[in-house]
>>> print(open('structure02.cif').read())   # mmCIF, C-alpha atoms and all ligand atoms
data_coords
loop_
_atom_site.group_PDB
_atom_site.id
_atom_site.type_symbol
_atom_site.label_atom_id
_atom_site.label_comp_id
_atom_site.auth_asym_id
_atom_site.auth_seq_id
_atom_site.Cartn_x
_atom_site.Cartn_y
_atom_site.Cartn_z
ATOM 1 C CA MET A 1 67.563 242.828 -45.541
ATOM 2 C CA LYS A 2 70.912 243.955 -46.868
ATOM 3 C CA GLN A 3 70.998 243.943 -50.663
ATOM 4 C CA LEU A 4 73.773 241.965 -52.297
ATOM 5 C CA HIS A 5 75.158 242.678 -55.737
ATOM 6 C CA GLU A 6 74.380 240.089 -58.367
ATOM 7 C CA PHE A 7 78.106 239.513 -58.961
ATOM 8 C CA GLU A 8 78.622 238.841 -55.241
ATOM 9 C CA ILE A 9 75.784 236.328 -55.177
ATOM 10 C CA LYS A 10 77.232 234.600 -58.248
ATOM 11 C CA LYS A 11 80.672 234.466 -56.646
ATOM 12 C CA MET A 12 79.278 232.925 -53.452
ATOM 13 C CA LEU A 13 77.308 230.366 -55.451
ATOM 14 C CA ARG A 14 80.405 229.443 -57.445
ATOM 15 C CA LEU A 15 82.322 228.867 -54.204
ATOM 16 C CA ALA A 16 79.422 226.900 -52.701
ATOM 17 C CA ASP A 17 79.345 224.785 -55.847
ATOM 18 C CA GLU A 18 83.054 224.008 -55.426
ATOM 19 C CA ALA A 19 82.346 223.048 -51.810
ATOM 20 C CA ARG A 20 79.577 220.728 -52.958
ATOM 21 C CA GLU A 21 82.224 218.703 -54.816
ATOM 22 C CA ARG A 22 83.714 217.841 -51.419
ATOM 23 C CA ALA A 23 80.496 216.399 -50.001
ATOM 24 C CA TYR A 24 80.782 213.095 -48.180
ATOM 25 C CA ALA A 25 77.320 211.727 -48.921
ATOM 26 C CA PRO A 26 77.562 207.952 -49.525
ATOM 27 C CA TYR A 27 74.146 207.304 -47.917
ATOM 28 C CA SER A 28 71.855 209.895 -49.455
ATOM 29 C CA GLY A 29 73.906 210.586 -52.565
ATOM 30 C CA PHE A 30 72.693 214.176 -52.139
ATOM 31 C CA ARG A 31 75.508 216.707 -52.201
ATOM 32 C CA VAL A 32 75.233 220.158 -50.662
ATOM 33 C CA GLY A 33 77.705 223.035 -50.597
ATOM 34 C CA ALA A 34 77.625 226.241 -48.596
ATOM 35 C CA CYS A 35 79.544 229.497 -48.674
ATOM 36 C CA LEU A 36 79.387 231.743 -45.609
ATOM 37 C CA LYS A 37 80.762 235.249 -46.024
ATOM 38 C CA THR A 38 81.993 237.281 -43.061
ATOM 39 C CA GLU A 39 81.519 241.036 -42.646
ATOM 40 C CA SER A 40 85.293 241.339 -43.149
ATOM 41 C CA GLY A 41 85.033 239.689 -46.568
ATOM 42 C CA ALA A 42 86.322 236.199 -45.816
ATOM 43 C CA TYR A 43 84.587 233.113 -47.227
ATOM 44 C CA TYR A 44 84.118 229.880 -45.310
ATOM 45 C CA LEU A 45 83.042 226.840 -47.271
ATOM 46 C CA GLY A 46 81.270 223.712 -46.131
ATOM 47 C CA CYS A 47 79.814 220.471 -47.477
ATOM 48 C CA ASN A 48 77.543 217.860 -45.953
ATOM 49 C CA ILE A 49 79.381 215.102 -44.099
ATOM 50 C CA GLU A 50 77.293 211.988 -43.529
ATOM 51 C CA ASN A 51 77.661 209.115 -41.109
ATOM 52 C CA ALA A 52 76.714 205.440 -41.131
ATOM 53 C CA ALA A 53 74.654 206.117 -37.991
ATOM 54 C CA PHE A 54 72.853 208.929 -39.878
ATOM 55 C CA THR A 55 72.180 211.186 -36.856
ATOM 56 C CA PRO A 56 75.747 212.529 -36.624
ATOM 57 C CA THR A 57 75.485 213.874 -40.185
ATOM 58 C CA CYS A 58 76.520 217.492 -40.482
ATOM 59 C CA CYS A 59 74.910 219.700 -43.108
ATOM 60 C CA ALA A 60 76.960 221.913 -45.392
ATOM 61 C CA GLU A 61 75.731 225.064 -43.658
ATOM 62 C CA ARG A 62 76.880 223.969 -40.211
ATOM 63 C CA THR A 63 80.198 222.748 -41.541
ATOM 64 C CA ALA A 64 80.843 226.235 -42.931
ATOM 65 C CA LEU A 65 79.517 227.981 -39.813
ATOM 66 C CA PHE A 66 81.523 225.905 -37.346
ATOM 67 C CA LYS A 67 84.713 226.299 -39.365
ATOM 68 C CA ALA A 68 84.229 230.058 -39.257
ATOM 69 C CA VAL A 69 83.367 230.205 -35.561
ATOM 70 C CA TYR A 70 86.389 228.066 -34.726
ATOM 71 C CA GLU A 71 88.546 230.602 -36.561
ATOM 72 C CA GLY A 72 87.140 233.360 -34.354
ATOM 73 C CA GLU A 73 84.628 234.815 -36.795
ATOM 74 C CA ARG A 74 81.454 236.234 -35.275
ATOM 75 C CA ASP A 75 80.052 238.662 -37.849
ATOM 76 C CA PHE A 76 78.461 237.311 -40.995
ATOM 77 C CA GLU A 77 77.146 239.019 -44.106
ATOM 78 C CA ALA A 78 75.415 236.232 -46.047
ATOM 79 C CA ILE A 79 75.297 232.511 -46.750
ATOM 80 C CA ALA A 80 74.775 230.754 -50.072
ATOM 81 C CA ILE A 81 73.626 227.142 -50.435
ATOM 82 C CA ILE A 82 73.603 224.959 -53.529
ATOM 83 C CA SER A 83 72.750 221.289 -53.899
ATOM 84 C CA ASP A 84 72.017 218.537 -56.392
ATOM 85 C CA SER A 85 68.312 219.393 -56.324
ATOM 86 C CA LEU A 86 66.160 220.795 -59.090
ATOM 87 C CA ASN A 87 64.604 223.018 -56.406
ATOM 88 C CA PRO A 88 66.349 225.786 -54.441
ATOM 89 C CA THR A 89 67.774 224.297 -51.232
ATOM 90 C CA ALA A 90 67.024 226.108 -47.987
ATOM 91 C CA PRO A 91 68.762 225.260 -44.702
ATOM 92 C CA CYS A 92 67.169 222.566 -42.537
ATOM 93 C CA GLY A 93 65.663 223.523 -39.178
ATOM 94 C CA VAL A 94 68.767 222.601 -37.205
ATOM 95 C CA CYS A 95 70.953 224.774 -39.431
ATOM 96 C CA ARG A 96 68.511 227.680 -39.185
ATOM 97 C CA GLN A 97 68.816 227.515 -35.413
ATOM 98 C CA ALA A 98 72.611 227.207 -35.556
ATOM 99 C CA LEU A 99 72.809 230.218 -37.883
ATOM 100 C CA ALA A 100 70.483 232.227 -35.606
ATOM 101 C CA GLU A 101 73.026 231.890 -32.785
ATOM 102 C CA PHE A 102 75.600 233.934 -34.702
ATOM 103 C CA CYS A 103 73.902 235.694 -37.600
ATOM 104 C CA LYS A 104 71.631 238.724 -37.637
ATOM 105 C CA PRO A 105 67.937 238.145 -38.370
ATOM 106 C CA ASP A 106 68.174 240.171 -41.574
ATOM 107 C CA MET A 107 71.143 238.228 -42.964
ATOM 108 C CA PRO A 108 70.450 237.138 -46.554
ATOM 109 C CA VAL A 109 70.254 233.391 -47.152
ATOM 110 C CA ILE A 110 70.788 232.562 -50.829
ATOM 111 C CA CYS A 111 69.130 229.263 -51.733
ATOM 112 C CA ALA A 112 70.037 227.820 -55.129
ATOM 113 C CA ASP A 113 69.113 224.809 -57.201
ATOM 114 C CA ARG A 114 71.734 222.764 -59.022
ATOM 115 C CA ASP A 115 71.684 225.138 -61.980
ATOM 116 C CA GLY A 116 72.323 228.161 -59.785
ATOM 117 C CA VAL A 117 68.778 229.516 -59.989
ATOM 118 C CA TYR A 118 68.269 231.100 -56.588
ATOM 119 C CA VAL A 119 65.939 232.817 -54.174
ATOM 120 C CA VAL A 120 67.060 235.067 -51.323
ATOM 121 C CA ARG A 121 65.354 235.123 -47.933
ATOM 122 C CA ALA A 122 66.213 236.835 -44.659
ATOM 123 C CA LEU A 123 67.198 234.397 -41.919
ATOM 124 C CA SER A 124 64.253 235.659 -39.841
ATOM 125 C CA GLU A 125 61.868 234.688 -42.638
ATOM 126 C CA LEU A 126 63.198 231.139 -42.472
ATOM 127 C CA LEU A 127 63.152 231.013 -38.668
ATOM 128 C CA PRO A 128 60.641 233.471 -37.167
ATOM 129 C CA MET A 129 60.872 233.949 -33.389
ATOM 130 C CA ALA A 130 64.198 232.148 -33.190
ATOM 131 C CA PHE A 131 65.160 231.020 -29.706
ATOM 132 C CA THR A 132 68.227 233.000 -28.656
ATOM 133 C CA SER A 133 70.112 233.913 -25.478
ATOM 134 C CA LYS A 134 67.620 236.772 -24.957
ATOM 135 C CA ASP A 135 64.933 234.204 -24.358
ATOM 136 C CA MET A 136 66.789 232.954 -21.293
ATOM 137 C CA GLU A 137 66.963 236.356 -19.608
ATOM 138 C CA GLY A 138 65.204 236.418 -16.263
HETATM 139 N N1 LIG B 1 71.667 218.674 -46.180
HETATM 140 C C1 LIG B 1 72.482 219.756 -46.120
HETATM 141 O O1 LIG B 1 73.708 219.629 -46.104
HETATM 142 N N2 LIG B 1 71.932 220.984 -46.087
HETATM 143 C C2 LIG B 1 70.597 221.238 -46.218
HETATM 144 O O2 LIG B 1 70.195 222.391 -46.213
HETATM 145 C C3 LIG B 1 69.657 220.119 -46.377
HETATM 146 C C4 LIG B 1 70.219 218.768 -46.144
HETATM 147 C C5 LIG B 1 72.265 217.336 -46.300
HETATM 148 C C6 LIG B 1 72.143 216.458 -45.093
HETATM 149 C C7 LIG B 1 72.262 215.080 -45.724
HETATM 150 O O3 LIG B 1 73.628 214.763 -45.868
HETATM 151 C C8 LIG B 1 71.653 215.236 -47.105
HETATM 152 O O4 LIG B 1 71.647 216.637 -47.354
HETATM 153 C C9 LIG B 1 70.246 214.678 -47.231
HETATM 154 O O5 LIG B 1 69.419 215.206 -46.266
#
>>> encode(input="structure02.cif", output="structure tokens", more="lines below")
Ligand code: THU
Amino acid sequence: MKQLHEFEIKKMLRLADEARERAYAPYSGFRVGACLKTESGAYYLGCNIENAAFTPTCCAERTALFKAVYEGERDFEAIAIISDSLNPTAPCGVCRQALAEFCKPDMPVICADRDGVYVVRALSELLPMAFTSKDMEG
């Protein structure tokens, strides 16, 4: 896994924390922010966006990822996630799969609690044997 400088991790968590402020979470009351950094050094931010029908809810990680992909980004360096929780927040299963479509298995995923205490895991640790386009090759 690529090593990130402490100051870079702190910067990404600060940006993710700002994104958390934009959460639309009237149902759970649980706010999440994400900061996805591209290989070129750009930052894409996302928050969770809930829905009265619940299922259409989009997590912070996918909001950030889809914003970036829409803008043409395809190469990602790391993602940082921060929430209202006392425990470090890791991406849900759906977001792990969405990230695996575009991000390398060794991409660092920075998971922080509300105070910014974090753990870092490679994406492949969070989603071993991810299903990808290779799995559809004949
Ligand atoms: N949520 C995220 O945005 N990211 C995660 O990694 C975990 C869950 C959101 C979805 C929902 O709006 C709320 O947190 C409670 O599950």
>>> resolve_selection(input="structure02.cif", expression="the PyMOL selection byres (((chain A and resi 92) around 12) and not hetatm)", output="VMD selection string")
chain A and resid 32 48 58 to 62 81 89 to 91 93 to 99 111 123 126 to 127
>>> axis_aligned_box(input="structure02.cif", around="ligand LIG 1 (chain B)", padding_each_side="3 Å", output="lines of an AutoDock Vina configuration file")
center_x = 71.6
center_y = 218.5
center_z = -46.2
size_x = 10.3
size_y = 13.7
size_z = 8.3
>>> atom_distance(input="structure02.cif", atom1="CA of Val109 in chain A", atom2="CA of Pro88 in chain A")
11.2 Å
>>> closest_residue(input="structure02.cif", among="A:Arg20, A:Arg121, A:Lys134, A:Lys10", to="ligand LIG 1 (chain B)", atoms="all atoms listed in the file")
A:Arg20
>>> closest_residue(input="structure02.cif", among="A:Ile82, A:Phe30, A:Tyr118, A:Ala112", to="Asp17 in chain A", atoms="all atoms listed in the file")
A:Ile82
>>> residues_near_point(input="structure02.cif", point="(84.9, 233.7, -45.5)", cutoff="12 Å", atoms="only C-alpha atoms", output="PyMOL selection string")
chain A and resi 11-12+15-16+34-46+64-69+71-80
>>> atom_distance(input="structure02.cif", atom1="atom N2 of ligand LIG 1 (chain B)", atom2="CA of Thr132 in chain A")
21.5 Å
>>> closest_residue(input="structure02.cif", among="A:Ile9, A:Lys2, A:Pro26, A:Glu21", to="ligand LIG 1 (chain B)", atoms="all atoms listed in the file")
A:Pro26
>>> closest_residue(input="structure02.cif", among="A:Ser28, A:Ser124, A:Ser133, A:Asn87", to="ligand LIG 1 (chain B)", atoms="all atoms listed in the file")
A:Ser28
>>> decode(input="structure02.cif", residues="range 33-47 of chain A", atoms="N, CA, C and O atoms", output="mmCIF file, in the first residue's frame")
data_model
loop_
_atom_site.group_PDB
_atom_site.id
_atom_site.type_symbol
_atom_site.label_atom_id
_atom_site.label_comp_id
_atom_site.auth_asym_id
_atom_site.auth_seq_id
_atom_site.Cartn_x
_atom_site.Cartn_y
_atom_site.Cartn_z
ATOM 1 N N GLY A 33 -18.745 12.344 5.757
ATOM 2 C CA GLY A 33 -18.051 13.115 4.728
ATOM 3 C C GLY A 33 -16.920 12.299 4.158
ATOM 4 O O GLY A 33 -16.308 11.484 4.854
ATOM 5 N N ALA A 34 -16.655 12.502 2.871
ATOM 6 C CA ALA A 34 -15.562 11.773 2.219
ATOM 7 C C ALA A 34 -14.735 12.724 1.365
ATOM 8 O O ALA A 34 -15.263 13.704 0.814
ATOM 9 N N CYS A 35 -13.462 12.417 1.277
ATOM 10 C CA CYS A 35 -12.544 13.174 0.425
ATOM 11 C C CYS A 35 -11.757 12.176 -0.406
ATOM 12 O O CYS A 35 -11.002 11.362 0.137
ATOM 13 N N LEU A 36 -11.954 12.233 -1.715
ATOM 14 C CA LEU A 36 -11.276 11.335 -2.653
ATOM 15 C C LEU A 36 -10.221 12.140 -3.400
ATOM 16 O O LEU A 36 -10.537 13.147 -4.038
ATOM 17 N N LYS A 37 -8.986 11.677 -3.315
ATOM 18 C CA LYS A 37 -7.889 12.405 -3.971
ATOM 19 C C LYS A 37 -7.465 11.675 -5.244
ATOM 20 O O LYS A 37 -7.291 10.452 -5.233
ATOM 21 N N THR A 38 -7.316 12.441 -6.327
ATOM 22 C CA THR A 38 -6.879 11.842 -7.589
ATOM 23 C C THR A 38 -5.348 11.786 -7.631
ATOM 24 O O THR A 38 -4.653 12.478 -6.884
ATOM 25 N N GLU A 39 -4.842 10.971 -8.566
ATOM 26 C CA GLU A 39 -3.384 10.879 -8.751
ATOM 27 C C GLU A 39 -2.811 12.229 -9.168
ATOM 28 O O GLU A 39 -1.651 12.527 -8.905
ATOM 29 N N SER A 40 -3.645 13.058 -9.836
ATOM 30 C CA SER A 40 -3.174 14.373 -10.278
ATOM 31 C C SER A 40 -3.244 15.419 -9.175
ATOM 32 O O SER A 40 -2.860 16.573 -9.383
ATOM 33 N N GLY A 41 -3.754 15.040 -8.009
ATOM 34 C CA GLY A 41 -3.745 15.965 -6.870
ATOM 35 C C GLY A 41 -5.031 16.725 -6.639
ATOM 36 O O GLY A 41 -5.064 17.633 -5.802
ATOM 37 N N ALA A 42 -6.086 16.377 -7.367
ATOM 38 C CA ALA A 42 -7.374 17.044 -7.145
ATOM 39 C C ALA A 42 -8.143 16.320 -6.030
ATOM 40 O O ALA A 42 -7.944 15.120 -5.801
ATOM 41 N N TYR A 43 -9.008 17.069 -5.353
ATOM 42 C CA TYR A 43 -9.810 16.512 -4.263
ATOM 43 C C TYR A 43 -11.288 16.603 -4.623
ATOM 44 O O TYR A 43 -11.765 17.680 -4.991
ATOM 45 N N TYR A 44 -11.980 15.488 -4.490
ATOM 46 C CA TYR A 44 -13.425 15.473 -4.705
ATOM 47 C C TYR A 44 -14.090 15.110 -3.388
ATOM 48 O O TYR A 44 -13.731 14.108 -2.757
ATOM 49 N N LEU A 45 -15.055 15.951 -3.008
ATOM 50 C CA LEU A 45 -15.697 15.776 -1.706
ATOM 51 C C LEU A 45 -17.110 15.246 -1.867
ATOM 52 O O LEU A 45 -17.792 15.528 -2.865
ATOM 53 N N GLY A 46 -17.550 14.491 -0.871
ATOM 54 C CA GLY A 46 -18.910 13.974 -0.896
ATOM 55 C C GLY A 46 -19.481 13.860 0.498
ATOM 56 O O GLY A 46 -18.752 13.782 1.489
ATOM 57 N N CYS A 47 -20.826 13.882 0.571
ATOM 58 C CA CYS A 47 -21.529 13.666 1.838
ATOM 59 C C CYS A 47 -22.630 12.641 1.573
ATOM 60 O O CYS A 47 -22.947 12.350 0.416
#
